[in-house]
>>> print(open('start18.cif').read())   # mmCIF, C-alpha atoms
data_run
#
loop_
_atom_site.label_atom_id
_atom_site.label_comp_id
_atom_site.auth_asym_id
_atom_site.auth_seq_id
_atom_site.Cartn_x
_atom_site.Cartn_y
_atom_site.Cartn_z
CA MET A 1 -21.22 -11.43 45.56
CA ILE A 2 -23.55 -10.40 42.75
CA PRO A 3 -25.45 -7.13 43.37
CA CYS A 4 -29.24 -6.95 43.03
CA GLN A 5 -30.30 -6.46 39.38
CA THR A 6 -32.38 -3.38 40.10
CA THR A 7 -29.56 -1.25 41.49
CA HIS A 8 -27.08 1.06 39.82
CA TYR A 9 -24.33 -1.17 41.25
CA TRP A 10 -25.64 -4.14 39.27
CA ILE A 11 -25.57 -2.13 36.05
CA VAL A 12 -21.95 -1.05 36.66
CA TRP A 13 -20.99 -4.58 37.71
CA ARG A 14 -22.55 -6.08 34.57
CA LEU A 15 -20.93 -3.51 32.25
CA ARG A 16 -17.53 -4.26 33.74
CA GLN A 17 -18.08 -7.95 33.09
CA MET A 18 -18.99 -7.23 29.48
CA THR A 19 -16.21 -4.73 28.61
CA ASN A 20 -13.96 -7.33 27.01
CA ARG A 21 -16.72 -8.56 24.75
CA LYS A 22 -17.19 -7.72 21.11
CA TYR A 23 -20.47 -6.00 20.35
CA TYR A 24 -22.56 -6.46 17.21
CA TYR A 25 -25.28 -3.84 16.78
CA PHE A 26 -28.19 -4.75 14.50
CA VAL A 27 -30.09 -1.54 13.72
CA GLU A 28 -33.25 -0.98 11.74
CA GLY A 29 -32.07 1.76 9.38
CA GLN A 30 -29.50 4.36 8.44
CA CYS A 31 -30.63 6.87 11.09
CA GLU A 32 -30.20 4.32 13.87
CA GLU A 33 -26.82 3.39 12.42
CA LYS A 34 -25.80 7.06 12.49
CA LEU A 35 -26.99 7.40 16.10
CA VAL A 36 -25.10 4.32 17.32
CA LYS A 37 -21.92 5.37 15.51
CA ALA A 38 -22.17 8.89 16.94
CA LEU A 39 -22.69 7.57 20.47
CA LYS A 40 -19.64 5.31 20.15
CA LEU A 41 -17.33 8.28 19.46
CA ASN A 42 -15.06 9.46 22.29
CA PRO A 43 -16.11 9.96 24.96
CA ALA A 44 -18.05 6.78 24.26
CA LEU A 45 -21.65 6.69 25.43
CA LEU A 46 -22.15 3.15 24.08
CA MET A 47 -19.87 0.13 24.09
CA PRO A 48 -17.74 0.01 20.91
CA GLY A 49 -18.64 -2.57 18.28
CA LYS A 50 -19.69 -3.32 14.71
CA VAL A 51 -22.92 -1.83 13.37
CA LYS A 52 -25.03 -3.60 10.74
CA ILE A 53 -28.25 -2.32 9.20
CA PHE A 54 -30.65 -5.23 9.53
CA ASN A 55 -34.33 -5.10 10.47
CA VAL A 56 -34.64 -7.90 13.06
CA VAL A 57 -38.41 -7.40 13.32
CA GLN A 58 -39.14 -7.97 9.61
CA ASN A 59 -36.29 -10.29 8.51
CA ILE A 60 -34.70 -13.52 9.69
CA ILE A 61 -30.95 -13.34 10.41
CA SER A 62 -29.16 -15.60 7.91
CA LEU A 63 -26.90 -18.45 8.96
CA SER A 64 -23.89 -16.69 7.41
CA ILE A 65 -24.45 -13.65 9.64
CA LEU A 66 -24.94 -15.86 12.69
CA MET A 67 -21.69 -17.68 11.94
CA SER A 68 -19.78 -14.39 11.72
CA ILE A 69 -20.61 -13.52 15.34
CA GLU A 70 -17.74 -14.49 17.61
CA PRO A 71 -18.40 -16.72 20.62
CA GLY A 72 -18.82 -14.85 23.89
CA SER A 73 -19.80 -11.57 22.22
CA ALA A 74 -22.98 -9.52 22.59
CA ALA A 75 -25.62 -9.03 19.91
CA VAL A 76 -27.52 -5.76 20.38
CA LEU A 77 -30.86 -5.57 18.57
CA ILE A 78 -32.21 -2.02 18.13
CA PHE A 79 -35.69 -1.79 16.65
CA ASP A 80 -38.84 0.32 16.52
CA THR A 81 -41.97 -0.71 18.39
CA ASP A 82 -44.39 0.83 15.91
CA LYS A 83 -45.06 -2.57 14.28
CA ALA A 84 -47.26 -5.18 15.98
CA GLU A 85 -45.61 -8.23 14.37
CA THR A 86 -42.75 -9.70 16.43
CA ASP A 87 -42.51 -13.32 15.22
CA HIS A 88 -39.27 -12.75 13.29
CA LEU A 89 -37.83 -10.89 16.25
CA LYS A 90 -38.48 -13.79 18.62
CA SER A 91 -37.07 -16.21 16.06
CA ASN A 92 -33.94 -14.07 15.66
CA ILE A 93 -33.38 -13.91 19.42
CA ASN A 94 -33.79 -17.69 19.69
CA SER A 95 -31.41 -18.27 16.74
CA LEU A 96 -28.77 -16.00 18.26
CA LYS A 97 -28.98 -17.82 21.58
CA LYS A 98 -29.05 -21.28 20.00
CA ARG A 99 -26.51 -20.98 17.17
CA CYS A 100 -24.02 -18.49 18.62
CA SER A 101 -21.92 -19.86 21.44
CA GLY A 102 -22.14 -17.78 24.61
CA VAL A 103 -23.68 -14.75 22.89
CA ASP A 104 -25.57 -12.36 25.14
CA VAL A 105 -28.59 -10.92 23.31
CA LEU A 106 -29.49 -7.36 24.30
CA THR A 107 -32.66 -5.68 23.07
CA ILE A 108 -33.19 -1.94 22.72
CA LEU A 109 -36.72 -0.85 21.99
CA GLN A 110 -37.30 2.49 20.30
CA VAL A 111 -40.67 3.77 21.43
CA LEU A 112 -42.21 4.28 18.91
CA ASN A 113 -39.52 5.15 16.36
CA PHE A 114 -36.24 7.04 15.82
CA GLU A 115 -37.87 10.48 15.69
CA ASP A 116 -39.70 9.90 18.99
CA GLU A 117 -36.45 8.89 20.69
CA ILE A 118 -34.70 12.05 19.46
CA GLU A 119 -37.55 14.23 20.69
CA ARG A 120 -37.58 12.56 24.11
CA ALA A 121 -33.80 12.53 24.66
CA THR A 122 -33.00 16.07 23.45
CA ASP A 123 -34.43 19.53 23.96
CA VAL A 124 -36.16 19.68 20.55
CA LYS A 125 -39.95 19.52 20.35
CA ASN A 126 -39.95 17.98 16.85
CA ALA A 127 -37.18 15.85 15.42
CA GLU A 128 -37.17 18.08 12.35
CA ASN A 129 -35.97 20.98 14.55
CA LEU A 130 -32.72 19.11 15.25
CA THR A 131 -31.59 19.59 11.64
CA LYS A 132 -33.86 22.55 10.83
CA SER A 133 -35.71 20.38 8.30
CA LYS A 134 -39.24 20.94 7.04
CA THR A 135 -40.37 17.30 6.97
CA VAL A 136 -39.51 14.00 8.64
CA GLU A 137 -38.10 12.74 5.32
CA ASP A 138 -35.82 15.80 5.08
CA PHE A 139 -34.75 15.23 8.69
CA LYS A 140 -33.80 11.60 8.01
CA SER A 141 -32.02 12.53 4.80
CA THR A 142 -30.00 15.24 6.57
CA VAL A 143 -29.08 12.91 9.45
CA ASN A 144 -27.87 10.28 6.98
CA ARG A 145 -25.74 12.80 5.04
CA ILE A 146 -23.86 14.40 7.91
CA LYS A 147 -20.69 12.97 9.44
CA ASP A 148 -20.90 10.96 12.66
CA VAL A 149 -18.87 13.53 14.57
CA ASP A 150 -21.12 16.36 13.38
CA PHE A 151 -24.23 14.42 14.40
CA ARG A 152 -22.70 13.82 17.83
CA ARG A 153 -22.00 17.56 18.21
CA MET A 154 -25.56 18.32 17.12
CA LEU A 155 -26.93 15.95 19.78
CA GLU A 156 -24.68 17.53 22.41
CA ARG A 157 -25.76 21.02 21.37
CA HIS A 158 -29.38 19.96 21.90
CA ARG A 159 -28.59 18.50 25.33
CA LEU A 160 -28.82 14.77 24.64
CA ASP A 161 -29.84 13.01 27.84
CA MET A 162 -28.66 9.39 27.80
CA ASN A 163 -30.97 8.70 30.74
CA GLU A 164 -33.95 9.43 28.48
CA LEU A 165 -32.74 7.70 25.31
CA TRP A 166 -34.36 4.25 24.89
CA GLU A 167 -36.01 4.51 28.30
CA LYS A 168 -39.73 5.07 27.71
CA SER A 169 -42.04 2.21 28.63
CA ARG A 170 -42.56 -0.22 25.82
CA PRO A 171 -45.95 -0.96 24.28
CA LYS A 172 -47.89 -3.86 25.81
CA ARG A 173 -47.34 -6.05 22.75
CA SER A 174 -43.59 -6.12 23.47
CA ASP A 175 -43.88 -6.96 27.19
CA SER A 176 -42.41 -10.40 26.57
CA LEU A 177 -39.04 -8.84 25.69
CA ARG A 178 -36.58 -8.18 28.48
CA ARG A 179 -35.44 -4.61 28.87
CA THR A 180 -31.67 -4.80 28.44
CA GLN A 181 -30.63 -1.38 27.12
CA ARG A 182 -29.45 -0.21 30.56
CA ARG A 183 -26.60 -2.71 30.31
CA LEU A 184 -25.05 -0.75 27.43
CA LYS A 185 -25.05 2.82 28.67
CA PRO A 186 -22.96 4.51 31.33
CA GLU A 187 -25.02 6.50 33.82
CA HIS A 188 -24.33 10.14 32.92
CA ARG A 189 -25.59 13.05 30.88
CA ILE A 190 -23.92 15.21 28.28
CA PRO A 191 -23.73 18.76 29.65
#
>>> encode(input="start18.cif", output="structure tokens")
Amino acid sequence: MIPCQTTHYWIVWRLRQMTNRKYYYFVEGQCEEKLVKALKLNPALLMPGKVKIFNVVQNIISLSILMSIEPGSAAVLIFDTDKAETDHLKSNINSLKKRCSGVDVLTILQVLNFEDEIERATDVKNAENLTKSKTVEDFKSTVNRIKDVDFRRMLERHRLDMNELWEKSRPKRSDSLRRTQRRLKPEHRIP
């Protein structure tokens, strides 16, 4: 029996089905890469997998990248929703489904961008406060310089709530995309 898709049981059931899969994370930039790598550290808050910096909203995934994705794996697309143009994104999702055998395409929408997600999922009022930076550029630079384990500790220190990360409603222009990020995250919070 397959549980109803709107229940916690369905999420757990689907994650168990996908645990033997290989995951390929396509992230927009270095900060998102750092976040995904930090969340994959033990205890893992995301499914383990390879992380590649590739903007799926602005660029078309090349055939060589598509061919490197193993059949039956999952492609996770993490992108900002601050841009109105989504033609390349739709094309990339279609290419992944068409050219990659049995690949499950999961989309994670950052509303509106990386800094907003950090502010929503932690106890900081401004993303700059997380690293004690003066500007957003300094914040991003600091995040990119620190080690994954140190970034994870920083997130834990600022009470990262996985139930808030990647959970805000998406802008109307991205309504055509299925919300699939719940299928990647276990249901719990970092104390």
>>> resolve_selection(input="start18.cif", expression="the PyMOL selection byres ((chain A and resi 91-96) around 10)", output="VMD selection string")
chain A and resid 56 to 57 59 to 63 65 to 67 69 74 to 75 77 86 to 90 97 to 107 177
>>> closest_residue(input="start18.cif", among="A:Met162, A:Ile78, A:Leu41, A:Val124", to="A:Ile53", atoms="only C-alpha atoms")
A:Ile78
>>> atom_distance(input="start18.cif", atom1="atom CA of A:His158", atom2="atom CA of A:Gly49")
25.2 Å
>>> resolve_selection(input="start18.cif", expression="the PyMOL selection byres ((chain A and resi 22) around 6)", output="list in words")
Arg21, Tyr23 and Ser73 of chain A
>>> residues_around(input="start18.cif", residues="A:Ile118", least_positions_apart="6", cutoff="9 Å", atoms="only C-alpha atoms", output="short mmCIF file (atom, residue, chain, number, x, y, z; two decimals) with C-alpha atoms, in the coordinates of the input")
data_model
loop_
_atom_site.label_atom_id
_atom_site.label_comp_id
_atom_site.auth_asym_id
_atom_site.auth_seq_id
_atom_site.Cartn_x
_atom_site.Cartn_y
_atom_site.Cartn_z
CA VAL A 124 -36.16 19.68 20.55
CA ASN A 126 -39.95 17.98 16.85
CA ALA A 127 -37.18 15.85 15.42
CA LEU A 130 -32.72 19.11 15.25
CA LEU A 155 -26.93 15.95 19.78
CA LEU A 160 -28.82 14.77 24.64
CA LEU A 165 -32.74 7.70 25.31
#
>>> closest_residue(input="start18.cif", among="A:Val36, A:Val51, A:Ala84, A:Ile108", to="A:Phe151", atoms="only C-alpha atoms")
A:Val36
>>> atom_distance(input="start18.cif", atom1="atom CA of A:Thr131", atom2="atom CA of A:Gly29")
18.0 Å
>>> atom_distance(input="start18.cif", atom1="atom CA of A:Thr122", atom2="atom CA of A:Glu164")
8.4 Å
>>> closest_residue(input="start18.cif", among="A:Lys83, A:Lys140, A:Lys50, A:Lys134", to="A:Phe114", atoms="all atoms listed in the file")
A:Lys140
>>> closest_residue(input="start18.cif", among="A:Lys132, A:Asn163, A:Arg157, A:Lys147", to="A:Lys37", atoms="only C-alpha atoms")
A:Lys147
>>> closest_residue(input="start18.cif", among="A:Leu39, A:Tyr25, A:Ser64, A:Asn20", to="A:Asp150", atoms="all atoms listed in the file")
A:Leu39
>>> closest_residue(input="start18.cif", among="A:Thr81, A:Thr135, A:Asn113, A:Asn55", to="A:Glu28", atoms="all atoms listed in the file")
A:Asn55
